[in-house]
>>> print(open('model-v4.txt').read())   # compact mmCIF, C-alpha atoms and all ligand atoms
# COMPACT_ATOMS: atom_id res chain seq x y z
CA MET A 1270 0.00 0.00 0.00
CA THR A 1271 1.37 3.45 -0.94
CA ALA A 1272 1.29 6.39 1.43
CA TRP A 1273 -1.48 7.86 -0.75
CA ASP A 1274 -3.58 4.70 -0.31
CA GLU A 1275 -3.23 5.07 3.44
CA ILE A 1276 -4.19 8.73 3.33
CA ARG A 1277 -7.22 7.87 1.22
CA ARG A 1278 -8.48 5.73 4.10
CA ASP A 1279 -8.96 8.92 6.11
CA PHE A 1280 -11.80 9.77 3.69
CA PRO A 1281 -14.80 7.47 4.32
CA ALA A 1282 -16.55 9.07 1.31
CA THR A 1283 -14.06 7.40 -1.04
CA GLU A 1284 -15.42 3.96 -0.01
CA ARG A 1285 -18.92 4.87 -1.15
CA SER A 1286 -18.43 6.72 -4.40
CA VAL A 1287 -15.97 8.14 -6.89
CA PHE A 1288 -15.61 11.68 -5.71
CA LEU A 1289 -13.96 13.79 -8.42
CA ASN A 1290 -15.58 17.02 -7.35
CA ALA A 1291 -13.20 18.96 -5.08
CA ALA A 1292 -13.77 22.11 -7.16
CA SER A 1293 -17.37 22.08 -5.87
CA GLY A 1294 -16.73 20.69 -2.41
CA SER A 1295 -14.57 17.98 -0.83
CA PRO A 1296 -15.57 15.33 1.69
CA MET A 1297 -14.02 15.83 5.14
CA PRO A 1298 -11.24 13.53 6.29
CA ARG A 1299 -11.73 11.79 9.64
CA PRO A 1300 -9.44 14.10 11.68
CA VAL A 1301 -11.61 17.06 10.65
CA SER A 1302 -14.98 15.45 11.36
CA GLU A 1303 -13.60 14.18 14.69
CA ALA A 1304 -12.42 17.67 15.68
CA VAL A 1305 -15.86 19.09 14.92
CA ALA A 1306 -17.60 16.19 16.67
CA GLY A 1307 -15.42 16.82 19.73
CA TYR A 1308 -16.52 20.44 19.81
CA LEU A 1309 -20.19 19.54 19.35
CA ARG A 1310 -19.95 17.01 22.18
CA GLU A 1311 -18.42 19.61 24.48
CA ALA A 1312 -21.08 22.14 23.45
CA SER A 1313 -23.84 19.70 24.31
CA GLU A 1314 -22.33 19.06 27.73
CA GLY A 1315 -21.41 22.57 28.82
CA ASP A 1316 -19.52 25.71 27.93
CA GLU A 1317 -15.78 25.64 27.21
CA TRP A 1318 -15.59 29.23 25.93
CA LEU A 1319 -11.96 29.80 26.89
CA ALA A 1320 -10.78 26.46 25.51
CA TRP A 1321 -12.67 27.08 22.25
CA LEU A 1322 -11.22 30.58 21.95
CA GLU A 1323 -7.77 29.10 22.37
CA ARG A 1324 -8.49 26.42 19.74
CA GLN A 1325 -9.67 29.13 17.38
CA GLU A 1326 -6.46 31.10 17.85
CA ARG A 1327 -4.41 27.96 17.20
CA ALA A 1328 -6.40 27.45 14.00
CA ARG A 1329 -5.65 31.05 13.01
CA GLU A 1330 -1.93 30.43 13.49
CA GLY A 1331 -2.15 27.31 11.30
CA VAL A 1332 -3.96 29.18 8.54
CA ALA A 1333 -1.38 31.97 8.70
CA ARG A 1334 1.46 29.43 8.37
CA LEU A 1335 -0.29 27.82 5.42
CA ILE A 1336 -0.12 31.04 3.37
CA GLY A 1337 2.96 32.73 4.85
CA ALA A 1338 1.01 35.40 6.74
CA GLU A 1339 0.91 36.56 10.38
CA ALA A 1340 -1.96 35.29 12.54
CA ASP A 1341 -3.28 38.80 13.12
CA GLU A 1342 -3.75 39.25 9.36
CA ILE A 1343 -6.28 36.37 9.20
CA ALA A 1344 -10.05 36.58 9.72
CA PHE A 1345 -12.36 33.57 9.70
CA VAL A 1346 -15.36 33.82 7.39
CA VAL A 1347 -18.08 31.40 6.30
CA ASN A 1348 -17.40 31.52 2.56
CA THR A 1349 -15.43 33.29 -0.16
CA SER A 1350 -18.14 35.84 -0.89
CA THR A 1351 -17.98 37.22 2.67
CA ALA A 1352 -14.20 37.58 2.39
CA MET A 1353 -14.33 39.25 -1.03
CA ASN A 1354 -16.90 41.75 0.20
CA LEU A 1355 -14.86 42.78 3.20
CA ILE A 1356 -11.86 43.24 0.91
CA ALA A 1357 -13.93 45.23 -1.62
CA ASP A 1358 -15.08 47.48 1.23
CA LEU A 1359 -11.44 48.31 1.93
CA LEU A 1360 -10.37 48.95 -1.67
CA ALA A 1361 -13.44 50.05 -3.66
CA GLY A 1362 -12.69 53.74 -3.03
CA ASP A 1363 -9.28 53.46 -4.73
CA GLY A 1364 -10.70 53.14 -8.26
CA ALA A 1365 -10.98 50.66 -11.12
CA VAL A 1366 -10.26 46.95 -10.87
CA LEU A 1367 -8.45 44.83 -13.44
CA SER A 1368 -9.85 41.31 -13.60
CA ASP A 1369 -10.58 38.85 -16.40
CA GLU A 1370 -13.38 37.16 -18.26
CA LEU A 1371 -12.92 33.70 -16.73
CA GLU A 1372 -13.64 34.74 -13.14
CA PHE A 1373 -16.24 33.28 -10.81
CA PRO A 1374 -18.92 35.96 -10.13
CA THR A 1375 -17.85 36.37 -6.49
CA VAL A 1376 -14.52 37.78 -7.69
CA THR A 1377 -16.04 40.61 -9.76
CA LEU A 1378 -19.59 41.30 -8.55
CA PRO A 1379 -18.67 42.82 -5.13
CA TRP A 1380 -16.74 45.58 -6.98
CA ILE A 1381 -19.45 46.19 -9.57
CA HIS A 1382 -22.02 46.34 -6.76
CA ARG A 1383 -20.03 49.19 -5.21
CA GLY A 1384 -19.96 51.14 -8.48
CA VAL A 1385 -16.33 50.29 -9.25
CA ALA A 1386 -15.36 49.90 -12.94
CA VAL A 1387 -14.08 46.37 -13.61
CA HIS A 1388 -11.96 45.75 -16.71
CA PHE A 1389 -12.14 42.18 -18.00
CA VAL A 1390 -8.93 40.86 -19.57
CA PRO A 1391 -9.86 38.36 -22.33
CA ALA A 1392 -8.61 34.79 -22.29
CA VAL A 1393 -6.96 33.33 -25.39
CA GLU A 1394 -8.07 29.72 -25.91
CA GLY A 1395 -8.81 29.41 -22.22
CA VAL A 1396 -5.51 30.94 -21.08
CA LEU A 1397 -5.01 34.25 -19.30
CA HIS A 1398 -1.67 35.64 -20.36
CA LEU A 1399 0.39 37.44 -17.76
CA GLU A 1400 1.36 40.22 -20.21
CA SER A 1401 -2.31 41.27 -20.47
CA PHE A 1402 -2.10 42.43 -16.86
CA ALA A 1403 1.10 44.49 -17.21
CA ALA A 1404 0.56 48.14 -16.24
CA ALA A 1405 1.88 49.41 -19.60
CA ASP A 1406 -0.63 47.34 -21.64
CA ALA A 1407 -3.67 46.86 -19.45
CA PRO A 1408 -6.45 49.38 -18.74
CA ARG A 1409 -5.59 51.64 -15.81
CA ALA A 1410 -6.61 50.16 -12.48
CA ALA A 1411 -5.95 50.60 -8.78
CA THR A 1412 -6.38 46.90 -8.02
CA ILE A 1413 -5.76 43.62 -9.80
CA CYS A 1414 -8.28 41.00 -8.66
CA ILE A 1415 -7.88 37.45 -9.96
CA SER A 1416 -8.27 33.83 -8.97
CA HIS A 1417 -5.17 31.72 -8.48
CA VAL A 1418 -6.99 28.90 -10.29
CA GLN A 1419 -10.05 29.50 -12.46
CA PHE A 1420 -13.27 27.84 -11.37
CA SER A 1421 -14.36 26.47 -14.73
CA ASN A 1422 -11.37 25.48 -16.86
CA GLY A 1423 -8.81 25.30 -14.05
CA CYS A 1424 -6.33 27.78 -15.61
CA ARG A 1425 -3.67 28.32 -12.91
CA GLN A 1426 -1.66 31.52 -12.58
CA ASP A 1427 1.84 32.14 -11.30
CA LEU A 1428 1.15 34.39 -8.29
CA ASP A 1429 4.81 35.34 -7.87
CA ALA A 1430 4.75 36.66 -11.45
CA PHE A 1431 1.65 38.72 -10.68
CA GLY A 1432 3.37 40.10 -7.59
CA ALA A 1433 6.34 41.08 -9.73
CA LEU A 1434 4.25 42.94 -12.36
CA LYS A 1435 1.69 44.63 -10.17
CA GLU A 1436 3.77 47.85 -9.68
CA HIS A 1437 1.71 50.47 -7.77
CA ARG A 1438 -1.51 48.40 -7.95
CA ARG A 1439 -3.01 46.30 -5.16
CA LEU A 1440 -3.15 42.57 -5.72
CA VAL A 1441 -6.25 40.72 -4.48
CA VAL A 1442 -6.38 36.96 -4.99
CA CYS A 1443 -9.20 34.47 -4.68
CA GLY A 1444 -7.74 31.15 -3.61
CA SER A 1445 -10.88 29.04 -3.39
CA GLN A 1446 -9.78 26.76 -6.23
CA SER A 1447 -6.17 26.50 -5.16
CA VAL A 1448 -5.37 26.75 -1.47
CA GLY A 1449 -5.08 23.26 -0.01
CA ALA A 1450 -3.91 21.89 -3.36
CA PHE A 1451 -1.18 24.39 -4.29
CA PRO A 1452 1.27 26.40 -2.19
CA VAL A 1453 0.49 30.07 -1.57
CA ASP A 1454 2.87 32.58 -0.03
CA VAL A 1455 1.17 35.94 0.29
CA LYS A 1456 4.32 37.85 1.25
CA ARG A 1457 6.52 36.41 -1.48
CA SER A 1458 3.77 37.02 -4.08
CA ARG A 1459 3.14 40.56 -2.73
CA ILE A 1460 -0.57 39.85 -2.25
CA ASP A 1461 -2.45 42.60 -0.41
CA ALA A 1462 -5.60 40.62 0.32
CA PHE A 1463 -6.69 37.02 -0.15
CA ALA A 1464 -10.11 35.37 0.03
CA THR A 1465 -10.92 31.69 0.14
CA ALA A 1466 -13.50 29.11 1.06
CA GLY A 1467 -12.45 26.10 3.10
CA TYR A 1468 -14.87 23.50 1.79
CA LYS A 1469 -13.18 22.78 -1.55
CA TRP A 1470 -9.48 21.88 -1.73
CA LEU A 1471 -8.96 22.51 2.00
CA CYS A 1472 -11.41 19.70 2.89
CA ALA A 1473 -12.76 21.61 5.94
CA GLY A 1474 -16.49 21.34 5.14
CA TYR A 1475 -19.14 23.95 4.37
CA GLY A 1476 -19.26 27.12 6.47
CA THR A 1477 -15.49 27.54 6.49
CA GLY A 1478 -13.14 30.06 4.88
CA PHE A 1479 -10.78 32.89 5.65
CA ALA A 1480 -9.60 36.31 4.54
CA TYR A 1481 -6.04 37.60 4.66
CA VAL A 1482 -5.69 41.38 4.94
CA SER A 1483 -2.14 42.70 4.93
CA ARG A 1484 -0.94 44.64 7.94
CA GLU A 1485 -0.77 47.74 5.74
CA LEU A 1486 -4.41 47.44 4.65
CA LEU A 1487 -5.40 46.89 8.28
CA GLN A 1488 -4.60 50.58 8.76
CA ARG A 1489 -7.80 51.34 6.88
CA PRO A 1490 -11.02 51.42 8.89
CA PRO A 1491 -13.44 48.54 8.24
CA ARG A 1492 -16.94 49.37 6.99
CA ALA A 1493 -18.65 46.97 9.41
CA ILE A 1494 -17.84 46.34 13.06
CA GLY A 1495 -19.37 44.64 16.08
CA TRP A 1496 -18.80 44.49 19.81
CA ARG A 1497 -15.82 42.13 19.39
CA SER A 1498 -14.12 44.32 16.75
CA VAL A 1499 -12.76 46.47 19.56
CA GLU A 1500 -10.13 46.32 22.25
CA ARG A 1501 -11.61 45.43 25.64
CA PRO A 1502 -15.02 44.21 24.43
CA LEU A 1503 -15.85 43.15 27.98
CA ASP A 1504 -16.03 46.82 29.00
CA TYR A 1505 -19.34 46.86 27.04
CA ASN A 1506 -18.77 50.51 26.22
CA ASN A 1507 -21.55 51.43 23.80
CA ARG A 1508 -20.28 54.96 23.06
CA GLU A 1509 -16.55 54.81 22.44
CA TYR A 1510 -14.15 52.24 21.16
CA THR A 1511 -10.64 51.56 19.95
CA LEU A 1512 -10.59 49.22 16.97
CA LEU A 1513 -8.71 45.96 17.30
CA ALA A 1514 -5.49 46.19 15.33
CA SER A 1515 -5.88 42.64 14.02
CA ALA A 1516 -8.08 41.13 11.30
CA ARG A 1517 -10.17 39.55 14.06
CA ARG A 1518 -12.08 42.87 13.88
CA TYR A 1519 -13.88 41.51 10.77
CA GLU A 1520 -15.38 38.62 12.73
CA MET A 1521 -17.40 41.22 14.68
CA GLY A 1522 -19.36 39.10 17.16
CA CYS A 1523 -19.26 35.70 18.85
CA PRO A 1524 -17.07 33.21 16.99
CA ALA A 1525 -18.31 30.45 14.69
CA PHE A 1526 -16.24 27.96 16.69
CA ALA A 1527 -17.26 24.83 14.78
CA SER A 1528 -16.06 26.19 11.45
CA ALA A 1529 -12.82 27.66 12.83
CA ILE A 1530 -12.07 24.34 14.54
CA ALA A 1531 -12.84 22.44 11.31
CA LEU A 1532 -10.57 24.71 9.29
CA GLY A 1533 -7.80 24.47 11.88
CA ALA A 1534 -7.97 20.67 11.86
CA ALA A 1535 -8.01 20.57 8.05
CA VAL A 1536 -4.99 22.86 7.74
CA GLU A 1537 -3.06 20.81 10.31
CA TYR A 1538 -3.96 17.61 8.44
CA LEU A 1539 -2.95 18.96 5.02
CA MET A 1540 0.29 20.50 6.30
CA GLY A 1541 1.07 17.17 7.95
CA ILE A 1542 0.97 15.58 4.49
CA GLY A 1543 2.81 18.56 2.94
CA ILE A 1544 1.33 21.02 0.45
CA GLU A 1545 4.15 20.50 -2.06
CA ALA A 1546 3.55 16.74 -1.98
CA ILE A 1547 -0.20 17.30 -2.40
CA ALA A 1548 0.37 19.62 -5.37
CA GLN A 1549 2.55 17.02 -7.07
CA ARG A 1550 -0.04 14.29 -6.49
CA VAL A 1551 -2.88 16.53 -7.75
CA LEU A 1552 -0.93 17.26 -10.94
CA GLU A 1553 0.12 13.63 -11.39
CA LEU A 1554 -3.51 12.47 -11.17
CA ASN A 1555 -4.60 15.27 -13.46
CA ALA A 1556 -2.00 14.31 -16.08
CA TYR A 1557 -3.18 10.67 -15.81
CA LEU A 1558 -6.77 11.85 -16.33
CA THR A 1559 -6.06 14.04 -19.35
CA GLY A 1560 -3.98 11.25 -20.93
CA LEU A 1561 -6.92 8.83 -20.63
CA LEU A 1562 -9.40 11.41 -21.91
CA GLU A 1563 -7.26 12.03 -24.98
CA GLN A 1564 -6.97 8.27 -25.62
CA ALA A 1565 -10.75 8.09 -25.37
CA GLY A 1566 -11.09 10.83 -28.00
CA LEU A 1567 -12.70 13.25 -25.53
CA ALA A 1568 -11.72 16.90 -25.94
CA VAL A 1569 -9.98 18.55 -22.97
CA LEU A 1570 -10.77 22.28 -22.77
CA SER A 1571 -8.41 23.02 -19.85
CA PRO A 1572 -4.97 24.47 -20.46
CA GLY A 1573 -1.92 22.28 -19.83
CA GLY A 1574 1.70 23.06 -19.02
CA ALA A 1575 2.28 25.51 -16.18
CA HIS A 1576 -1.42 26.49 -16.26
CA ARG A 1577 -2.52 22.95 -15.37
CA SER A 1578 -4.29 22.51 -12.03
CA GLY A 1579 -6.51 19.88 -10.43
CA GLU A 1580 -9.49 20.77 -12.63
CA THR A 1581 -10.22 19.44 -16.09
CA LEU A 1582 -13.04 20.63 -18.29
CA VAL A 1583 -14.14 17.97 -20.79
CA GLU A 1584 -16.22 18.89 -23.82
CA LEU A 1585 -19.46 16.91 -24.18
CA THR A 1586 -22.57 17.45 -26.30
CA ASP A 1587 -25.03 16.60 -23.51
CA PRO A 1588 -23.56 17.75 -20.16
CA ARG A 1589 -26.81 17.18 -18.26
CA GLY A 1590 -27.21 13.61 -19.56
CA ALA A 1591 -23.51 12.88 -18.97
CA CYS A 1592 -23.67 14.09 -15.38
CA ARG A 1593 -26.79 12.04 -14.75
CA GLY A 1594 -25.15 8.96 -16.29
CA LEU A 1595 -22.07 9.41 -14.12
CA ARG A 1596 -24.11 9.98 -10.99
CA GLU A 1597 -26.07 6.76 -11.64
CA ARG A 1598 -22.70 5.00 -11.64
CA GLY A 1599 -21.71 6.65 -8.33
CA ILE A 1600 -19.33 9.17 -9.90
CA HIS A 1601 -19.46 12.82 -8.82
CA VAL A 1602 -18.28 15.59 -11.15
CA THR A 1603 -19.70 19.05 -11.96
CA ARG A 1604 -21.90 19.92 -14.90
CA LYS A 1605 -20.71 22.90 -16.96
CA PRO A 1606 -22.22 24.47 -20.10
CA GLU A 1607 -19.41 22.99 -22.22
CA GLY A 1608 -19.40 19.51 -20.66
CA VAL A 1609 -18.23 18.31 -17.25
CA ARG A 1610 -15.52 19.47 -14.86
CA ILE A 1611 -13.51 16.69 -13.24
CA SER A 1612 -11.36 17.48 -10.19
CA THR A 1613 -8.46 15.38 -8.98
CA HIS A 1614 -7.42 15.78 -5.36
CA PHE A 1615 -4.93 13.77 -3.31
CA TYR A 1616 -7.65 11.48 -1.88
CA ASN A 1617 -8.44 10.25 -5.41
CA ASN A 1618 -6.57 7.45 -7.11
CA GLU A 1619 -5.99 6.09 -10.60
CA GLN A 1620 -8.91 3.64 -10.22
CA ASP A 1621 -11.32 6.55 -9.60
CA ILE A 1622 -10.11 8.08 -12.84
CA ASP A 1623 -10.31 4.80 -14.78
CA ARG A 1624 -13.91 4.39 -13.65
CA CYS A 1625 -14.80 7.95 -14.54
CA VAL A 1626 -13.28 7.86 -18.02
CA SER A 1627 -14.79 4.48 -18.88
CA ALA A 1628 -18.21 5.75 -17.71
CA LEU A 1629 -17.72 8.90 -19.78
CA ARG A 1630 -16.98 6.78 -22.84
CA GLU A 1631 -20.25 4.90 -22.28
CA VAL A 1632 -22.38 7.99 -21.73
CA ALA A 1633 -20.75 9.82 -24.68
CA ALA A 1634 -21.37 6.79 -26.93
CA SER A 1635 -25.01 6.52 -25.86
CA ALA A 1636 -25.52 10.26 -26.49
C1 LIG B 1 -13.06 31.01 -7.55
C2 LIG B 1 -14.27 30.77 -6.69
N1 LIG B 1 -14.60 31.66 -5.76
C3 LIG B 1 -15.66 31.46 -4.95
C4 LIG B 1 -16.46 30.34 -5.07
C5 LIG B 1 -17.61 30.12 -4.18
O1 LIG B 1 -17.96 31.23 -3.40
P1 LIG B 1 -18.54 31.01 -1.93
O2 LIG B 1 -17.48 30.32 -1.12
O3 LIG B 1 -18.86 32.36 -1.47
O4 LIG B 1 -19.78 30.16 -2.08
C6 LIG B 1 -16.16 29.41 -6.05
C7 LIG B 1 -17.02 28.22 -6.20
O5 LIG B 1 -17.07 27.55 -7.18
C8 LIG B 1 -15.04 29.63 -6.87
O6 LIG B 1 -14.71 28.75 -7.80
>>> encode(input="model-v4.txt", output="structure tokens")
Amino acid sequence: MTAWDEIRRDFPATERSVFLNAASGSPMPRPVSEAVAGYLREASEGDEWLAWLERQERAREGVARLIGAEADEIAFVVNTSTAMNLIADLLAGDGAVLSDELEFPTVTLPWIHRGVAVHFVPAVEGVLHLESFAAADAPRAATICISHVQFSNGCRQDLDAFGALKEHRRLVVCGSQSVGAFPVDVKRSRIDAFATAGYKWLCAGYGTGFAYVSRELLQRPPRAIGWRSVERPLDYNNREYTLLASARRYEMGCPAFASAIALGAAVEYLMGIGIEAIAQRVLELNAYLTGLLEQAGLAVLSPGGAHRSGETLVELTDPRGACRGLRERGIHVTRKPEGVRISTHFYNNEQDIDRCVSALREVAASA
């Protein structure tokens, strides 16, 4: 048995079905569900407020380590959209945003909603070229806002390269389709703010996510605050306050302990395996998948080379029928207008992919 086979045993979901759907949501591994169950048990038996607060702060430190940040630059949120909105509140007043046409709506709509002009860089055959974002060639913008990995075709960007070309502009990155599967270092990549969900590649379950806001951006006042956004909340002063210096200010009220504990356990679990090792395994499985798809004569619409990620978009004439056919065979992927999106994470194996491609051959033939 390989180390990956052993790791797969931490995911009970893999015994029941072929789960090639991390880009939508991942099953939780046992250490995460056990951490949450432990909290729920304690919560049913009493109140461990101080212990839970401490566990939350440990989770924050883990998340910070995962992306090369400081713990006080991390805020827990329930999903990506919440994180993007708090970031847009900080930066919307600066002016136009440079994004691109492949983005998930959560990356662009919060800016548009605030009346900010968003320029959409076009993709060329599914690829976003770095040069299109260079200050000399791109429309003028105060902020670049992109995903590390695109939600639909999986196009992956080199964040260090974006950090190198951003010049005077802010760099905001959505990591929902990358963090947990690929390394991120916010300082090295000169990222000013980062938003992610935790239920996809981080395997932490729904209701989890985090925002990174750089120490410099923390100098700006937040739009929304609550009683726990301030120093000395237990003074209950309802007239005056001093804002907390840390990103904890964005959490505002009582903590969502269960989701912070889940995210902390997931980050500890993934870092125990090693993010570099996970990235290699994700890419290895993805290369195996695209090789089989090509042999089967199925068109791959996702870019390869350095833009390859854990997501593969396969062209099919009847995406709805194909998804139904796969689901009937116990195989989970995502339906897309062009076909289906197949995600390979480290808990998958070659047999999952064999089953998926042979089922796709059958459903494509019957269509
Ligand atoms: C890039 C990206 N951002 C955000 C989301 C989801 O947003 P939220 O976590 O707010 O539901 C997705 C989901 O597919 C995504 O691909």
>>> closest_residue(input="model-v4.txt", among="A:Leu1552, A:Ser1578, A:Arg1438, A:Phe1389", to="Ala1404 (chain A)", atoms="all atoms listed in the file")
A:Arg1438
>>> residues_near_ligand(input="model-v4.txt", ligand="ligand LIG 1 (chain B)", cutoff="9 Å", atoms="all atoms listed in the file", output="PyMOL selection string")
chain A and resi 1292-1294+1347-1353+1372-1376+1415-1421+1443-1447+1464-1469+1475-1478
>>> residues_around(input="model-v4.txt", residues="Asn1555 (chain A)", least_positions_apart="3", cutoff="8 Å", atoms="only C-alpha atoms", output="list in words")
Val1551, Leu1552, Leu1558, Thr1559, Ser1578, Gly1579, Glu1580, Thr1581, Ser1612 and Thr1613 of chain A
>>> residues_around(input="model-v4.txt", residues="Leu1532 (chain A)", least_positions_apart="4", cutoff="10 Å", atoms="only C-alpha atoms", output="list of chain:residue names")
A:Val1301, A:Ala1304, A:Val1305, A:Gln1325, A:Ala1328, A:Arg1329, A:Gly1331, A:Val1332, A:Phe1345, A:Ala1466, A:Gly1467, A:Tyr1468, A:Leu1471, A:Cys1472, A:Ala1473, A:Gly1474, A:Tyr1475, A:Gly1476, A:Thr1477, A:Gly1478, A:Phe1479, A:Phe1526, A:Ala1527, A:Ser1528, A:Val1536, A:Glu1537, A:Tyr1538
>>> residues_around(input="model-v4.txt", residues="Arg1492 (chain A)", least_positions_apart="6", cutoff="12 Å", atoms="all atoms listed in the file", output="VMD selection string")
chain A and resid 1354 to 1362 1498 1512 1518 to 1519 1521
>>> closest_residue(input="model-v4.txt", among="A:Ala1535, A:Ile1336, A:Ala1410, A:Ala1529", to="Val1387 (chain A)", atoms="all atoms listed in the file")
A:Ala1410
>>> residues_around(input="model-v4.txt", residues="Arg1501 (chain A)", least_positions_apart="5", cutoff="10 Å", atoms="only C-alpha atoms", output="VMD selection string")
chain A and resid 1496 1506 1510 to 1513
>>> closest_residue(input="model-v4.txt", among="A:Ala1407, A:Cys1592, A:Leu1567, A:Val1396", to="Gly1423 (chain A)", atoms="all atoms listed in the file")
A:Val1396
>>> closest_residue(input="model-v4.txt", among="A:Val1609, A:Val1393, A:Ile1343, A:Ala1403", to="Phe1463 (chain A)", atoms="only C-alpha atoms")
A:Ile1343
>>> residues_around(input="model-v4.txt", residues="Leu1428 (chain A)", least_positions_apart="4", cutoff="9 Å", atoms="all atoms listed in the file", output="ChimeraX atom specification")
/A:1417,1432-1433,1442,1453-1455,1457-1460
>>> write_last_selection(input="model-v4.txt", atoms="C-alpha atoms", output="PDB file, in the coordinates of the input")
ATOM      1  CA  HIS A1417      -5.170  31.720  -8.480  1.00  0.00           C
ATOM      2  CA  GLY A1432       3.370  40.100  -7.590  1.00  0.00           C
ATOM      3  CA  ALA A1433       6.340  41.080  -9.730  1.00  0.00           C
ATOM      4  CA  VAL A1442      -6.380  36.960  -4.990  1.00  0.00           C
ATOM      5  CA  VAL A1453       0.490  30.070  -1.570  1.00  0.00           C
ATOM      6  CA  ASP A1454       2.870  32.580  -0.030  1.00  0.00           C
ATOM      7  CA  VAL A1455       1.170  35.940   0.290  1.00  0.00           C
ATOM      8  CA  ARG A1457       6.520  36.410  -1.480  1.00  0.00           C
ATOM      9  CA  SER A1458       3.770  37.020  -4.080  1.00  0.00           C
ATOM     10  CA  ARG A1459       3.140  40.560  -2.730  1.00  0.00           C
ATOM     11  CA  ILE A1460      -0.570  39.850  -2.250  1.00  0.00           C
TER      12      ILE A1460
END
>>> closest_residue(input="model-v4.txt", among="A:Arg1383, A:His1576, A:Arg1484, A:Arg1310", to="Asp1427 (chain A)", atoms="all atoms listed in the file")
A:His1576
>>> closest_residue(input="model-v4.txt", among="A:Leu1397, A:Glu1563, A:Asp1341, A:Met1540", to="Ser1515 (chain A)", atoms="only C-alpha atoms")
A:Asp1341
>>> atom_distance(input="model-v4.txt", atom1="CA of Leu1322 (chain A)", atom2="CA of Phe1280 (chain A)")
27.7 Å
>>> atom_distance(input="model-v4.txt", atom1="CA of Leu1335 (chain A)", atom2="CA of Arg1278 (chain A)")
23.6 Å
>>> atom_distance(input="model-v4.txt", atom1="CA of Ala1628 (chain A)", atom2="CA of Leu1585 (chain A)")
13.0 Å
